[in-house]
Structures are given as C-alpha cells and as structure tokens.
>>> print(open('query05.tsv').read())   # TSV, C-alpha atoms and all ligand atoms
chain	number	residue	atom	x	y	z
A	121	MET	CA	0.00	0.00	0.00
A	122	ASP	CA	1.40	3.38	-0.98
A	123	ILE	CA	0.46	6.78	0.41
A	124	GLN	CA	-2.02	7.51	-2.36
A	125	GLN	CA	-3.94	4.29	-1.68
A	126	ALA	CA	-3.88	4.92	2.04
A	127	LYS	CA	-5.15	8.45	1.54
A	128	PHE	CA	-8.01	7.23	-0.64
A	129	GLU	CA	-8.97	4.74	2.05
A	130	TYR	CA	-8.73	7.38	4.78
A	131	LEU	CA	-10.87	9.84	2.83
A	132	LEU	CA	-13.52	7.13	2.36
A	133	ARG	CA	-13.60	6.56	6.10
A	134	LEU	CA	-14.14	10.25	6.82
A	135	GLY	CA	-16.47	10.90	3.89
A	136	ASP	CA	-18.58	7.75	4.27
A	137	SER	CA	-19.20	8.43	7.95
A	138	SER	CA	-20.46	11.92	7.14
A	139	LEU	CA	-22.60	10.66	4.28
A	140	ILE	CA	-24.23	7.87	6.25
A	141	ILE	CA	-24.97	9.88	9.39
A	142	GLY	CA	-26.22	12.72	7.18
A	143	HIS	CA	-28.56	10.29	5.44
A	144	ARG	CA	-29.76	8.87	8.75
A	145	LEU	CA	-30.58	12.36	10.05
A	146	SER	CA	-32.36	13.22	6.82
A	147	GLU	CA	-34.78	10.38	7.55
A	148	TRP	CA	-36.21	12.65	10.26
A	149	CYS	CA	-37.26	15.21	7.64
A	150	GLY	CA	-40.95	15.86	8.20
A	151	HIS	CA	-40.99	13.57	11.26
A	152	GLY	CA	-39.20	15.70	13.89
A	153	PRO	CA	-40.86	15.87	17.31
A	154	ILE	CA	-41.31	19.63	16.95
A	155	LEU	CA	-40.87	21.92	13.95
A	156	GLU	CA	-37.70	23.56	15.28
A	157	GLU	CA	-36.06	20.19	15.83
A	158	ASP	CA	-37.09	19.00	12.40
A	159	ILE	CA	-35.37	22.06	10.90
A	160	ALA	CA	-32.32	21.69	13.14
A	161	LEU	CA	-31.75	18.03	12.24
A	162	ILE	CA	-32.09	18.70	8.54
A	163	ASN	CA	-29.65	21.60	8.75
A	164	ILE	CA	-27.19	19.32	10.50
A	165	ALA	CA	-27.81	16.57	7.94
A	166	LEU	CA	-27.05	19.07	5.18
A	167	ASP	CA	-23.74	20.00	6.81
A	168	PHE	CA	-22.75	16.32	6.87
A	169	VAL	CA	-23.78	15.64	3.28
A	170	GLY	CA	-21.90	18.77	2.19
A	171	ASN	CA	-18.83	17.64	4.10
A	172	ALA	CA	-19.16	14.17	2.52
A	173	ASN	CA	-19.34	15.76	-0.91
A	174	SER	CA	-16.08	17.65	-0.30
A	175	LEU	CA	-14.30	14.57	1.05
A	176	LEU	CA	-15.55	12.12	-1.58
A	177	THR	CA	-14.80	14.58	-4.39
A	178	TYR	CA	-11.25	14.71	-3.10
A	179	ALA	CA	-11.18	10.93	-2.63
A	180	ALA	CA	-12.15	10.42	-6.27
A	181	GLN	CA	-9.44	12.86	-7.32
A	182	VAL	CA	-6.81	11.07	-5.21
A	183	GLU	CA	-7.90	7.70	-6.60
A	184	GLY	CA	-7.44	9.00	-10.16
A	185	LYS	CA	-9.78	6.51	-11.83
A	186	ASN	CA	-12.22	9.04	-13.27
A	187	ARG	CA	-14.85	8.36	-10.63
A	188	THR	CA	-16.91	11.18	-9.14
A	189	ALA	CA	-18.24	11.77	-5.62
A	190	ASP	CA	-21.64	10.57	-6.90
A	191	ASP	CA	-20.10	7.36	-8.26
A	192	LEU	CA	-18.57	6.67	-4.87
A	193	ALA	CA	-21.80	7.45	-3.01
A	194	TYR	CA	-24.25	5.63	-5.24
A	195	LEU	CA	-22.36	2.80	-6.88
A	196	ARG	CA	-20.50	1.09	-4.06
A	197	ASN	CA	-21.83	-1.87	-2.09
A	198	GLU	CA	-21.86	-2.13	1.67
A	199	ARG	CA	-18.58	-4.04	1.97
A	200	ASP	CA	-16.88	-1.16	0.13
A	201	TYR	CA	-18.29	1.40	2.55
A	202	ARG	CA	-15.96	2.54	5.32
A	203	ASN	CA	-18.32	4.51	7.57
A	204	LEU	CA	-18.15	4.02	11.33
A	205	LEU	CA	-20.64	1.44	12.63
A	206	LEU	CA	-22.14	4.06	14.95
A	207	THR	CA	-23.24	6.21	12.01
A	208	GLU	CA	-25.36	3.49	10.38
A	209	LEU	CA	-27.41	2.57	13.46
A	210	PRO	CA	-31.15	3.16	13.01
A	211	ASN	CA	-32.69	6.38	14.32
A	212	GLY	CA	-34.93	4.63	16.86
A	213	ASP	CA	-36.77	7.10	19.08
A	214	TYR	CA	-35.55	10.65	19.55
A	215	ALA	CA	-33.36	9.68	22.50
A	216	CYS	CA	-31.60	7.05	20.34
A	217	THR	CA	-30.92	9.57	17.60
A	218	LEU	CA	-29.56	12.12	20.06
A	219	ALA	CA	-27.40	9.63	21.98
A	220	ARG	CA	-25.84	8.46	18.70
A	221	GLN	CA	-25.42	12.02	17.49
A	222	PHE	CA	-23.88	13.23	20.75
A	223	LEU	CA	-21.20	10.50	20.78
A	224	TYR	CA	-20.45	11.21	17.13
A	225	ASP	CA	-20.39	15.01	17.55
A	226	VAL	CA	-17.88	14.83	20.41
A	227	TYR	CA	-15.80	12.49	18.26
A	228	THR	CA	-15.81	14.71	15.16
A	229	PHE	CA	-15.29	17.80	17.31
A	230	TYR	CA	-11.87	16.53	18.45
A	231	LEU	CA	-11.06	14.66	15.22
A	232	TYR	CA	-11.61	17.65	12.93
A	233	GLU	CA	-9.91	19.98	15.38
A	234	ALA	CA	-6.80	17.80	15.00
A	235	LEU	CA	-7.28	17.43	11.23
A	236	LYS	CA	-6.93	21.21	10.87
A	237	ASN	CA	-3.20	20.54	11.31
A	238	SER	CA	-3.07	17.82	8.65
A	239	LYS	CA	-0.12	18.18	6.28
A	240	ASP	CA	-2.54	17.52	3.44
A	241	ASP	CA	-3.76	21.03	2.56
A	242	THR	CA	-7.14	19.94	1.19
A	243	ILE	CA	-7.98	17.82	4.24
A	244	ALA	CA	-6.87	20.69	6.50
A	245	ALA	CA	-9.04	23.22	4.63
A	246	ILE	CA	-12.10	20.96	4.75
A	247	ALA	CA	-11.46	20.41	8.47
A	248	VAL	CA	-11.32	24.14	9.25
A	249	LYS	CA	-14.68	24.63	7.57
A	250	SER	CA	-16.36	21.58	9.06
A	251	HIS	CA	-15.10	22.17	12.57
A	252	LYS	CA	-17.06	25.42	12.74
A	253	GLU	CA	-20.22	23.53	11.80
A	254	ILE	CA	-19.51	20.69	14.22
A	255	THR	CA	-19.19	23.21	17.06
A	256	TYR	CA	-22.84	24.16	16.48
A	257	HIS	CA	-23.87	20.49	16.20
A	258	LEU	CA	-22.21	19.58	19.47
A	259	ARG	CA	-23.74	22.49	21.30
A	260	HIS	CA	-27.17	21.46	20.05
A	261	THR	CA	-26.91	17.79	20.99
A	262	THR	CA	-25.31	18.58	24.36
A	263	GLU	CA	-28.29	20.76	25.28
A	264	TRP	CA	-30.65	17.91	24.40
A	265	ILE	CA	-28.70	15.36	26.44
A	266	TYR	CA	-29.15	17.62	29.49
A	267	ARG	CA	-32.79	18.22	28.68
A	268	LEU	CA	-33.74	14.57	28.23
A	269	GLY	CA	-31.40	13.08	30.84
A	270	ASP	CA	-32.40	15.55	33.52
A	271	GLY	CA	-35.99	15.74	32.28
A	272	THR	CA	-38.88	13.43	33.09
A	273	ALA	CA	-38.55	9.86	34.36
A	274	GLU	CA	-39.59	8.69	30.90
A	275	SER	CA	-37.04	10.79	28.97
A	276	HIS	CA	-34.33	9.88	31.48
A	277	GLN	CA	-35.00	6.18	31.08
A	278	ARG	CA	-35.17	6.30	27.29
A	279	LEU	CA	-31.89	8.19	26.99
A	280	GLN	CA	-30.14	5.86	29.42
A	281	THR	CA	-31.34	2.85	27.42
A	282	ALA	CA	-30.19	4.52	24.21
A	283	PHE	CA	-26.67	5.06	25.55
A	284	ASN	CA	-26.53	1.52	26.94
A	285	ASP	CA	-27.55	0.04	23.59
A	286	ILE	CA	-24.94	1.82	21.46
A	287	TRP	CA	-22.03	1.69	23.90
A	288	MET	CA	-20.62	-1.46	22.28
A	289	TYR	CA	-19.89	0.55	19.11
A	290	VAL	CA	-17.51	2.97	20.86
A	291	PRO	CA	-14.36	0.82	20.27
A	292	ASP	CA	-14.96	1.07	16.50
A	293	LEU	CA	-14.54	4.86	16.73
A	294	PHE	CA	-10.94	4.53	17.89
A	295	ASP	CA	-9.85	1.48	15.91
A	296	MET	CA	-6.71	1.99	13.82
A	297	ASP	CA	-4.83	-0.07	11.26
A	298	ALA	CA	-1.92	0.15	8.81
A	299	VAL	CA	-3.67	2.92	6.83
A	300	ASP	CA	-3.75	5.15	9.90
A	301	GLN	CA	-0.19	4.29	10.84
A	302	LEU	CA	1.19	5.15	7.42
A	303	LEU	CA	-0.67	8.47	7.28
A	304	ILE	CA	0.07	9.40	10.90
A	305	ASN	CA	3.76	9.04	10.05
A	306	GLU	CA	3.22	11.41	7.12
A	307	GLY	CA	1.43	13.94	9.35
A	308	ILE	CA	-1.76	13.54	7.30
A	309	ALA	CA	-4.00	11.47	9.59
A	310	VAL	CA	-4.92	11.91	13.25
A	311	ASP	CA	-3.66	9.45	15.84
A	312	LEU	CA	-7.01	8.47	17.38
A	313	ASP	CA	-5.30	7.59	20.66
A	314	SER	CA	-4.50	11.29	20.99
A	315	ILE	CA	-8.16	12.33	21.02
A	316	LYS	CA	-9.49	9.43	23.06
A	317	ASN	CA	-8.93	11.06	26.45
A	318	SER	CA	-10.63	14.28	25.39
A	319	TRP	CA	-13.56	12.27	24.03
A	320	ASN	CA	-13.89	10.24	27.22
A	321	LYS	CA	-13.66	13.30	29.42
A	322	ARG	CA	-16.27	15.33	27.53
A	323	VAL	CA	-18.69	12.43	27.09
A	324	ASN	CA	-18.45	11.39	30.75
A	325	GLU	CA	-18.89	14.95	32.00
A	326	VAL	CA	-22.05	15.53	29.99
A	327	ILE	CA	-23.59	12.12	30.74
A	328	LEU	CA	-23.03	12.56	34.49
A	329	GLU	CA	-24.24	16.16	34.44
A	330	ALA	CA	-27.39	14.88	32.70
A	331	THR	CA	-27.91	12.61	35.78
A	332	LEU	CA	-27.25	9.47	33.71
A	333	LEU	CA	-24.87	6.58	34.31
A	334	ILE	CA	-21.82	5.85	32.16
A	335	PRO	CA	-22.70	2.56	30.42
A	336	THR	CA	-20.44	-0.45	30.67
A	337	THR	CA	-20.34	-3.39	28.32
A	338	ALA	CA	-18.00	-6.28	27.62
A	339	ILE	CA	-18.98	-6.33	23.95
A	340	LYS	CA	-16.62	-4.51	21.62
A	341	GLN	CA	-17.98	-4.08	18.12
A	342	LYS	CA	-15.43	-3.19	15.45
A	343	GLY	CA	-15.06	-3.77	11.75
A	344	SER	CA	-15.82	-0.59	9.83
A	345	ARG	CA	-12.17	-0.28	8.73
A	346	GLU	CA	-12.53	-3.50	6.74
A	347	GLY	CA	-16.08	-2.78	5.60
A	348	LYS	CA	-17.65	-5.22	8.05
A	349	HIS	CA	-20.96	-3.63	8.89
A	350	SER	CA	-24.07	-4.24	10.93
A	351	GLU	CA	-27.16	-5.56	9.17
A	352	HIS	CA	-28.52	-2.00	9.02
A	353	LEU	CA	-26.24	-0.51	6.36
A	354	GLY	CA	-27.55	-2.61	3.46
A	355	PHE	CA	-31.10	-1.36	3.97
A	356	LEU	CA	-29.91	2.23	4.20
A	357	LEU	CA	-27.91	1.94	0.97
A	358	ALA	CA	-30.80	0.26	-0.81
A	359	GLU	CA	-32.93	3.32	-0.17
A	360	MET	CA	-30.19	5.88	-0.74
A	361	GLN	CA	-28.93	4.32	-3.99
A	362	CYS	CA	-32.22	3.12	-5.46
A	363	ILE	CA	-32.84	5.99	-7.89
A	364	ALA	CA	-29.24	6.28	-9.06
A	365	ARG	CA	-29.04	2.54	-9.76
A	366	SER	CA	-32.48	2.22	-11.33
A	367	TYR	CA	-31.83	5.08	-13.73
A	368	PRO	CA	-28.08	5.00	-14.48
A	369	GLY	CA	-26.70	8.37	-15.48
A	370	ALA	CA	-29.87	10.23	-14.54
A	371	THR	CA	-29.42	13.88	-13.59
A	372	TRP	CA	-31.71	16.03	-11.47
B	90	MET	CA	-14.59	34.32	-27.22
B	91	ASN	CA	-12.56	37.26	-26.10
B	92	THR	CA	-11.68	37.94	-22.51
B	93	LYS	CA	-9.41	40.79	-23.54
B	94	ILE	CA	-12.20	43.32	-23.82
B	95	HIS	CA	-12.84	43.09	-20.07
B	96	THR	CA	-10.33	43.57	-17.30
B	97	LYS	CA	-10.58	41.25	-14.34
B	98	GLU	CA	-11.60	44.20	-12.17
B	99	GLU	CA	-14.53	44.88	-14.51
B	100	ILE	CA	-15.57	41.25	-14.41
B	101	PHE	CA	-15.25	41.15	-10.63
B	102	ASN	CA	-17.49	44.23	-10.34
B	103	ILE	CA	-20.10	42.76	-12.67
B	104	LEU	CA	-20.18	39.49	-10.73
B	105	SER	CA	-20.37	41.42	-7.45
B	106	GLU	CA	-23.90	42.45	-8.37
B	107	ILE	CA	-25.21	38.88	-8.21
B	108	PRO	CA	-27.61	38.68	-5.28
B	109	ASP	CA	-27.50	35.85	-2.77
B	110	PRO	CA	-30.30	33.44	-3.79
B	111	GLU	CA	-31.58	33.12	-0.22
B	112	ILE	CA	-31.13	36.72	0.97
B	113	PRO	CA	-31.46	38.84	-2.18
B	114	VAL	CA	-30.76	42.17	-0.44
B	115	ILE	CA	-27.08	41.34	-0.18
B	116	ASN	CA	-24.83	40.28	-3.02
B	117	ILE	CA	-22.18	37.60	-3.23
B	118	PHE	CA	-19.42	40.17	-2.77
B	119	ASP	CA	-20.98	41.59	0.43
B	120	LEU	CA	-21.19	38.04	1.73
B	121	GLY	CA	-17.60	37.20	0.90
B	122	ILE	CA	-18.56	34.29	-1.34
B	123	LEU	CA	-16.93	35.83	-4.44
B	124	ARG	CA	-13.19	35.54	-3.84
B	125	ALA	CA	-11.33	36.30	-7.08
B	126	VAL	CA	-11.37	36.42	-10.85
B	127	ILE	CA	-8.36	35.05	-12.73
B	128	LEU	CA	-7.90	35.82	-16.41
B	129	ASP	CA	-5.74	33.67	-18.63
B	130	ASP	CA	-5.41	34.09	-22.38
B	131	MET	CA	-8.41	31.96	-23.12
B	132	LEU	CA	-9.96	31.20	-19.77
B	133	CYS	CA	-11.84	33.13	-17.12
B	134	THR	CA	-11.70	31.40	-13.72
B	135	VAL	CA	-13.96	32.58	-10.92
B	136	LEU	CA	-13.13	31.52	-7.37
B	137	ILE	CA	-15.98	31.22	-4.89
B	138	THR	CA	-16.08	29.83	-1.36
B	139	PRO	CA	-19.07	28.11	0.27
B	140	THR	CA	-20.63	29.58	3.39
B	141	TYR	CA	-21.60	26.19	4.86
B	142	SER	CA	-20.38	22.80	3.53
B	143	GLY	CA	-23.83	21.81	2.34
B	144	CYS	CA	-25.15	25.22	1.29
B	145	PRO	CA	-27.55	24.50	-1.61
B	146	ALA	CA	-27.24	28.10	-2.82
B	147	MET	CA	-23.73	27.43	-4.16
B	148	LYS	CA	-25.03	25.62	-7.23
B	149	VAL	CA	-27.43	28.48	-7.97
B	150	ILE	CA	-24.64	31.02	-7.53
B	151	GLU	CA	-22.42	29.04	-9.89
B	152	ASP	CA	-25.17	29.06	-12.52
B	153	ASP	CA	-25.77	32.80	-12.00
B	154	ILE	CA	-22.07	33.49	-12.56
B	155	LYS	CA	-22.11	31.53	-15.82
B	156	ILE	CA	-25.20	33.36	-17.07
B	157	LYS	CA	-23.70	36.74	-16.17
B	158	LEU	CA	-20.41	35.99	-17.93
B	159	ASN	CA	-22.11	34.53	-21.00
B	160	ALA	CA	-24.13	37.74	-21.25
B	161	ILE	CA	-20.95	39.80	-21.67
B	162	GLY	CA	-19.51	37.41	-24.23
B	163	ILE	CA	-17.34	35.23	-22.01
B	164	SER	CA	-18.08	31.56	-22.59
B	165	ASN	CA	-14.76	29.90	-21.83
B	166	LEU	CA	-15.06	29.93	-18.09
B	167	LYS	CA	-14.64	27.86	-14.99
B	168	VAL	CA	-16.16	28.33	-11.54
B	169	GLU	CA	-13.93	26.86	-8.86
B	170	LEU	CA	-14.79	26.16	-5.24
B	171	VAL	CA	-12.04	27.09	-2.80
B	172	TYR	CA	-12.09	26.08	0.86
B	173	SER	CA	-9.21	28.07	2.24
B	174	PRO	CA	-9.39	30.56	3.87
B	175	ALA	CA	-12.65	29.28	5.34
B	176	TRP	CA	-15.65	31.57	5.01
B	177	THR	CA	-16.48	33.60	8.09
B	178	THR	CA	-19.18	36.13	8.99
B	179	ASP	CA	-16.30	38.43	9.98
B	180	TRP	CA	-16.11	39.27	6.25
B	181	LEU	CA	-19.53	40.95	6.26
B	182	ASN	CA	-18.97	44.69	6.15
B	183	GLU	CA	-21.06	47.29	8.03
B	184	SER	CA	-23.17	48.17	5.00
B	185	ALA	CA	-24.05	44.50	4.45
B	186	LYS	CA	-25.03	44.15	8.10
B	187	GLU	CA	-27.25	47.22	7.85
B	188	LYS	CA	-28.94	45.77	4.73
B	189	LEU	CA	-29.62	42.56	6.65
B	190	ARG	CA	-31.12	44.45	9.57
B	191	ILE	CA	-33.45	46.46	7.33
B	192	TYR	CA	-34.50	43.21	5.64
B	193	GLY	CA	-35.52	41.84	9.06
B	194	ILE	CA	-32.54	39.60	9.76
B	195	ALA	CA	-30.47	40.43	12.83
B	196	PRO	CA	-26.83	40.66	11.63
B	197	PRO	CA	-23.96	38.75	13.32
B	198	ASN	CA	-23.07	40.75	16.38
B	199	HIS	CA	-19.64	39.59	17.42
B	200	SER	CA	-16.48	37.98	16.14
B	201	SER	CA	-16.57	34.37	14.96
B	202	ILE	CA	-13.65	33.54	17.23
B	203	ASP	CA	-15.84	33.80	20.32
B	204	LYS	CA	-15.14	30.65	22.29
B	205	GLY	CA	-18.22	31.10	24.45
B	206	LEU	CA	-20.30	29.48	21.74
B	207	LEU	CA	-19.68	25.88	22.71
B	208	MET	CA	-20.46	26.59	26.33
B	209	GLY	CA	-23.94	27.69	25.34
B	210	LYS	CA	-23.35	31.35	26.04
B	211	VAL	CA	-26.05	33.36	24.29
B	212	ARG	CA	-25.49	37.03	23.62
B	213	GLU	CA	-28.06	39.77	23.90
B	214	LEU	CA	-29.55	40.50	20.53
B	215	ASN	CA	-31.56	43.49	19.29
B	216	CYS	CA	-34.85	42.75	17.56
B	217	PRO	CA	-34.42	43.91	13.92
B	218	GLN	CA	-38.07	45.08	13.90
B	219	CYS	CA	-38.39	47.19	17.08
B	220	GLY	CA	-34.84	47.28	18.45
B	221	SER	CA	-35.77	45.76	21.79
B	222	LEU	CA	-33.14	43.76	23.65
B	223	ASN	CA	-35.86	41.64	25.22
B	224	THR	CA	-35.34	38.70	22.85
B	225	ASN	CA	-34.63	35.02	23.25
B	226	ILE	CA	-33.48	32.15	21.09
B	227	ILE	CA	-35.98	29.58	19.80
B	228	SER	CA	-33.50	27.42	17.89
B	229	GLN	CA	-29.83	27.51	16.91
B	230	PHE	CA	-30.95	26.33	13.45
B	231	GLY	CA	-33.25	28.42	11.28
B	232	SER	CA	-34.61	28.50	7.75
B	233	THR	CA	-31.13	28.13	6.28
B	234	ALA	CA	-27.83	26.82	7.67
B	235	CYS	CA	-26.52	30.35	8.27
B	236	LYS	CA	-29.43	31.51	10.42
B	237	ALA	CA	-30.78	30.90	13.93
B	238	LEU	CA	-34.36	31.51	15.01
B	239	TYR	CA	-35.19	34.12	17.68
B	240	ARG	CA	-38.30	35.67	19.18
B	241	CYS	CA	-38.86	39.25	20.33
B	242	ASN	CA	-40.77	39.44	23.62
B	243	ASN	CA	-41.54	43.12	23.04
B	244	CYS	CA	-43.17	43.19	19.60
B	245	LEU	CA	-43.83	39.41	19.72
B	246	GLU	CA	-42.39	38.87	16.23
B	247	PRO	CA	-40.11	35.93	15.47
B	248	PHE	CA	-36.96	36.83	13.54
B	249	ASP	CA	-33.91	35.27	11.90
B	250	TYR	CA	-30.42	35.88	13.23
B	251	PHE	CA	-27.48	35.58	10.84
B	252	LYS	CA	-25.33	33.63	13.25
B	253	CYS	CA	-21.63	34.17	13.80
B	254	PHE	CA	-19.57	31.58	12.03
C	1	ZN	ZN	-39.27	43.39	18.44
>>> encode(input="query05.tsv", output="structure tokens")
Amino acid sequence: MDIQQAKFEYLLRLGDSSLIIGHRLSEWCGHGPILEEDIALINIALDFVGNANSLLTYAAQVEGKNRTADDLAYLRNERDYRNLLLTELPNGDYACTLARQFLYDVYTFYLYEALKNSKDDTIAAIAVKSHKEITYHLRHTTEWIYRLGDGTAESHQRLQTAFNDIWMYVPDLFDMDAVDQLLINEGIAVDLDSIKNSWNKRVNEVILEATLLIPTTAIKQKGSREGKHSEHLGFLLAEMQCIARSYPGATW
Amino acid sequence: MNTKIHTKEEIFNILSEIPDPEIPVINIFDLGILRAVILDDMLCTVLITPTYSGCPAMKVIEDDIKIKLNAIGISNLKVELVYSPAWTTDWLNESAKEKLRIYGIAPPNHSSIDKGLLMGKVRELNCPQCGSLNTNIISQFGSTACKALYRCNNCLEPFDYFKCF
C-alpha cells in the first residue's frame, strides 16, 4: 500500500461516515418531534452531506480513476463502505438519535480539530470549515442530552437505554490499522489515541451532568475499517442508492 | 470568445452584483462568497467559497455566474470552489449588516472567534423590527444553515439571526 492508496482509504472513512450519518438524520425530515427540531436536524444533515461531498470529491481525485463523488456514493456496495458502525445505526426514538449524534459530535469535534493541522492542505481546509459547523452540532446535541437526561422519568429512562444500547460501538470509533499508521507518520491522519482522552472526558462529564450513568459493556464491536458492517447498512444503501441505480446516469 | 475586452476588475465588479439566492438584499461580494477572478489568455476562472459545507445556494450562484459571464460574451469559463481561507461572517462589512437588519434579519453581532459558543453562552440581541433587547433564542438552526431563530418578547415577532460563524 502506498500513500495515495492509504489516503483514498482514509478519505472514504471520513467521507462515508459523514454521508451515512447525514442520510440517517435526513430520515427525520418531516418527522421531527417539533418543527424547530425538524429544521435543526435537517440543517445538521445538510452540513454532513456537504462535508461528505467535499471529502468524496477529493477521494475520487486522489484515486485517479475518473470516478466522481456521486459514483462513490451511489455505486458502491456495503462491503466497500468505510463509515463508522455508529453512524449506520437506526434512528430509533428521539433519544436514540440524540445519543448516537452526541457521541459522534464529540468524536468529530476533536477529530476535525486535529485534522486542521493535517499536512494535506485539502484535508486541513475541509477540516477548518467543518469544525465550525460541528461546534454548532455539538452544542445542540449537548443541550438535548441535558434536557432529556435531567428531564422526566420517561425521557431519562429512554436516553439511558439509548446510551446503553450503542455503547458497544464505541471501540470502533478509535480502531486503527496500517492505513492510519502510514498516514500518521506522514502527518496527514490523526492518531485516534491522541483524542481518546478528550472524548472520554467530555462524554463522561455531559452524561453525568445529565444525571445518567456511564454505560459499561463487555462487547466490543469493530469492523468498519474492513467494511464489516451491521445488518442496518444494506437497507440504508438500498434506499439511498435506489434511484441512481435504477436510472443509471440520470441527472436532477 | 474574447476575454481581452474586459479587465478582471470589470468582471469582478459585474459578478459582485449577483444577489444571494436566499437573501437577495445582499450580493455575493458583500457576503464574501466571491473571492477572485483570474484571467488567462483563453480562460476566465472565478473563485468562490461556500458559506456552509452543504449550502444548496452554491449551485445556484455558480449558474448565476455563468449566465452573467455569458451575457458579456465570455463563454470559456470555470467556476472553482475554494475552501481556504474558510468563510467567516467576519467578512460581512457594516453596509451588508445594515442591509440585513433592514431586511428583518439580525446581523452577526460579534467575532466568529468567540469561544463562548460551545459553552452555550447566548449574547443579547436586538430585535431587527423594534430594536428591543428583550429577545430570546428559539433554535440555533433556522430557515437556512446560516441563520438561527429568535423571538422578540416586546413586539412578539419571530426573527432570523445571521449567526456568527
Ligand atoms: Zn421586536
């Protein structure tokens, strides 16, 4: 594996995660619990899809095989997708969506903050832009974690259950392999060990402040780096890719 | 095709007049979206920068630029998206902010490098309709990515706030 191949792989990991969580959030469009939340989630979804577009456009360019961002988004199968397992989990109830989003927002907050210093100028520029957006996302989800956790007995219980259910996907966030190692040495990628403490600290602080318990689980789900996904991704892709695959080359 | 009859300053000024598709009282120069015009022998390259990563207005702006340039006889052109330096509301000048206020959108009221944001610090904001400071936030996310939704407790009108970014 050379640097170009590693960079393509790394860009897929970043871009696919944004695309898939953006798509998940977009499923709330027209179904939000209140109008303001509906609008907020769709705005956040749009930020992610925009970020995915930037990253996958660059990925296609790095790959140099005349593919476009749309080709990568619509014409790859699930085993070729490199999104984090957390991002593909179903929306569930509103507590599930917010628990998933909160863990992911804290993660991207520190990841993109570090990526601003990437020696790859394009990745650094995309990171500067996205980090500003992520700051708003994190603020929004943090407020909701407090509101639901320290809310009614019902909202408290639902949010606690939501965190408990997704906790097994946390190890996947910080998994690293040869791709990371090669690019860390080049100063392009972020050493995920270096943001793990910040992630733990912030997540624990907010969960405790929200009067919830930090979940514990012996199960450690990993696999996104090799394209090993949960059963949920295939269904998501089927819906997301349906039009593009049914009408090849269609424009709209 | 002849780019020679127009200087890049002329082209820049012409493109500056293009209104923002979402907030037509300010143009793409006021907003800081239009970054530069580069003239080569045969090619006119226009550099623009997105406000937010997923801003759907960028495609419309790109089309508007092409239409405007075609109208003055420039057809060999390229619109390029640049990400660095990242767009910031700090680029909005005073006249643009005043135009926003008159239009009913409260303009960004402090520097984008305010670290209080993440801690949930909310600044006092004047209602663009009646000027009252008795306002509160409804949602950090409004009708477009760049706006938040507020309510005035004095005149009871809701209003958009062009948030600092
Ligand atoms: Zn008022």
>>> residues_near_ligand(input="query05.tsv", ligand="ligand ZN 1 (chain C)", cutoff="9 Å", atoms="all atoms listed in the file", output="MDAnalysis selection string")
chainID B and resid 215:224 240:248
>>> write_last_selection(input="query05.tsv", atoms="C-alpha atoms", output="PDB file, in the frame of the given file")
ATOM      1  CA  ASN B 215     -31.560  43.490  19.290  1.00  0.00           C
ATOM      2  CA  CYS B 216     -34.850  42.750  17.560  1.00  0.00           C
ATOM      3  CA  PRO B 217     -34.420  43.910  13.920  1.00  0.00           C
ATOM      4  CA  GLN B 218     -38.070  45.080  13.900  1.00  0.00           C
ATOM      5  CA  CYS B 219     -38.390  47.190  17.080  1.00  0.00           C
ATOM      6  CA  GLY B 220     -34.840  47.280  18.450  1.00  0.00           C
ATOM      7  CA  SER B 221     -35.770  45.760  21.790  1.00  0.00           C
ATOM      8  CA  LEU B 222     -33.140  43.760  23.650  1.00  0.00           C
ATOM      9  CA  ASN B 223     -35.860  41.640  25.220  1.00  0.00           C
ATOM     10  CA  THR B 224     -35.340  38.700  22.850  1.00  0.00           C
ATOM     11  CA  ARG B 240     -38.300  35.670  19.180  1.00  0.00           C
ATOM     12  CA  CYS B 241     -38.860  39.250  20.330  1.00  0.00           C
ATOM     13  CA  ASN B 242     -40.770  39.440  23.620  1.00  0.00           C
ATOM     14  CA  ASN B 243     -41.540  43.120  23.040  1.00  0.00           C
ATOM     15  CA  CYS B 244     -43.170  43.190  19.600  1.00  0.00           C
ATOM     16  CA  LEU B 245     -43.830  39.410  19.720  1.00  0.00           C
ATOM     17  CA  GLU B 246     -42.390  38.870  16.230  1.00  0.00           C
ATOM     18  CA  PRO B 247     -40.110  35.930  15.470  1.00  0.00           C
ATOM     19  CA  PHE B 248     -36.960  36.830  13.540  1.00  0.00           C
TER      20      PHE B 248
END
>>> interface_residues(input="query05.tsv", of="chain A", to="chain B", cutoff="6 Å", atoms="only C-alpha atoms", output="list in words")
Ala160, Asn163, Leu166, Asp167, Gly170, Asn171, Ala245, Lys249 and Arg259 of chain A
>>> residues_around(input="query05.tsv", residues="Glu359 of chain A", least_positions_apart="4", cutoff="12 Å", atoms="all atoms listed in the file", output="list in words")
Ile140, His143, Arg144, Glu147, Tyr194, His352, Leu353, Gly354, Phe355, Ile363, Ala364, Arg365 and Ser366 of chain A
>>> residues_around(input="query05.tsv", residues="Ile315 of chain A", least_positions_apart="2", cutoff="9 Å", atoms="all atoms listed in the file", output="compact mmCIF listing (two decimals) with C-alpha atoms, in the frame of the given file")
# COMPACT_ATOMS: atom_id res chain seq x y z
CA TYR A 227 -15.80 12.49 18.26
CA TYR A 230 -11.87 16.53 18.45
CA LEU A 231 -11.06 14.66 15.22
CA ALA A 234 -6.80 17.80 15.00
CA PHE A 294 -10.94 4.53 17.89
CA VAL A 310 -4.92 11.91 13.25
CA ASP A 311 -3.66 9.45 15.84
CA LEU A 312 -7.01 8.47 17.38
CA ASP A 313 -5.30 7.59 20.66
CA ASN A 317 -8.93 11.06 26.45
CA SER A 318 -10.63 14.28 25.39
CA TRP A 319 -13.56 12.27 24.03
CA ASN A 320 -13.89 10.24 27.22
>>> closest_residue(input="query05.tsv", among="A:Gln125, A:Ser138, A:Gln181, A:Thr188", to="Leu205 of chain A", atoms="all atoms listed in the file")
A:Ser138
>>> residues_near_point(input="query05.tsv", point="(-13.2, 12.4, -1.8)", cutoff="9 Å", atoms="only C-alpha atoms", output="list in words")
Phe128, Leu131, Leu132, Leu134, Gly135, Ala172, Asn173, Ser174, Leu175, Leu176, Thr177, Tyr178, Ala179, Ala180, Gln181, Val182, Glu183, Thr188, Ala189 and Leu192 of chain A
>>> residues_around(input="query05.tsv", residues="Phe101 of chain B", least_positions_apart="3", cutoff="9 Å", atoms="all atoms listed in the file", output="JSON, numbers by chain")
{"B": [96, 97, 98, 104, 105, 118, 123, 125, 126, 135]}
>>> residues_around(input="query05.tsv", residues="Gly212 of chain A", least_positions_apart="5", cutoff="10 Å", atoms="all atoms listed in the file", output="MDAnalysis selection string")
chainID A and resid 217:218 282
>>> residues_around(input="query05.tsv", residues="Ala165 of chain A", least_positions_apart="4", cutoff="7 Å", atoms="all atoms listed in the file", output="count of residues only")
6
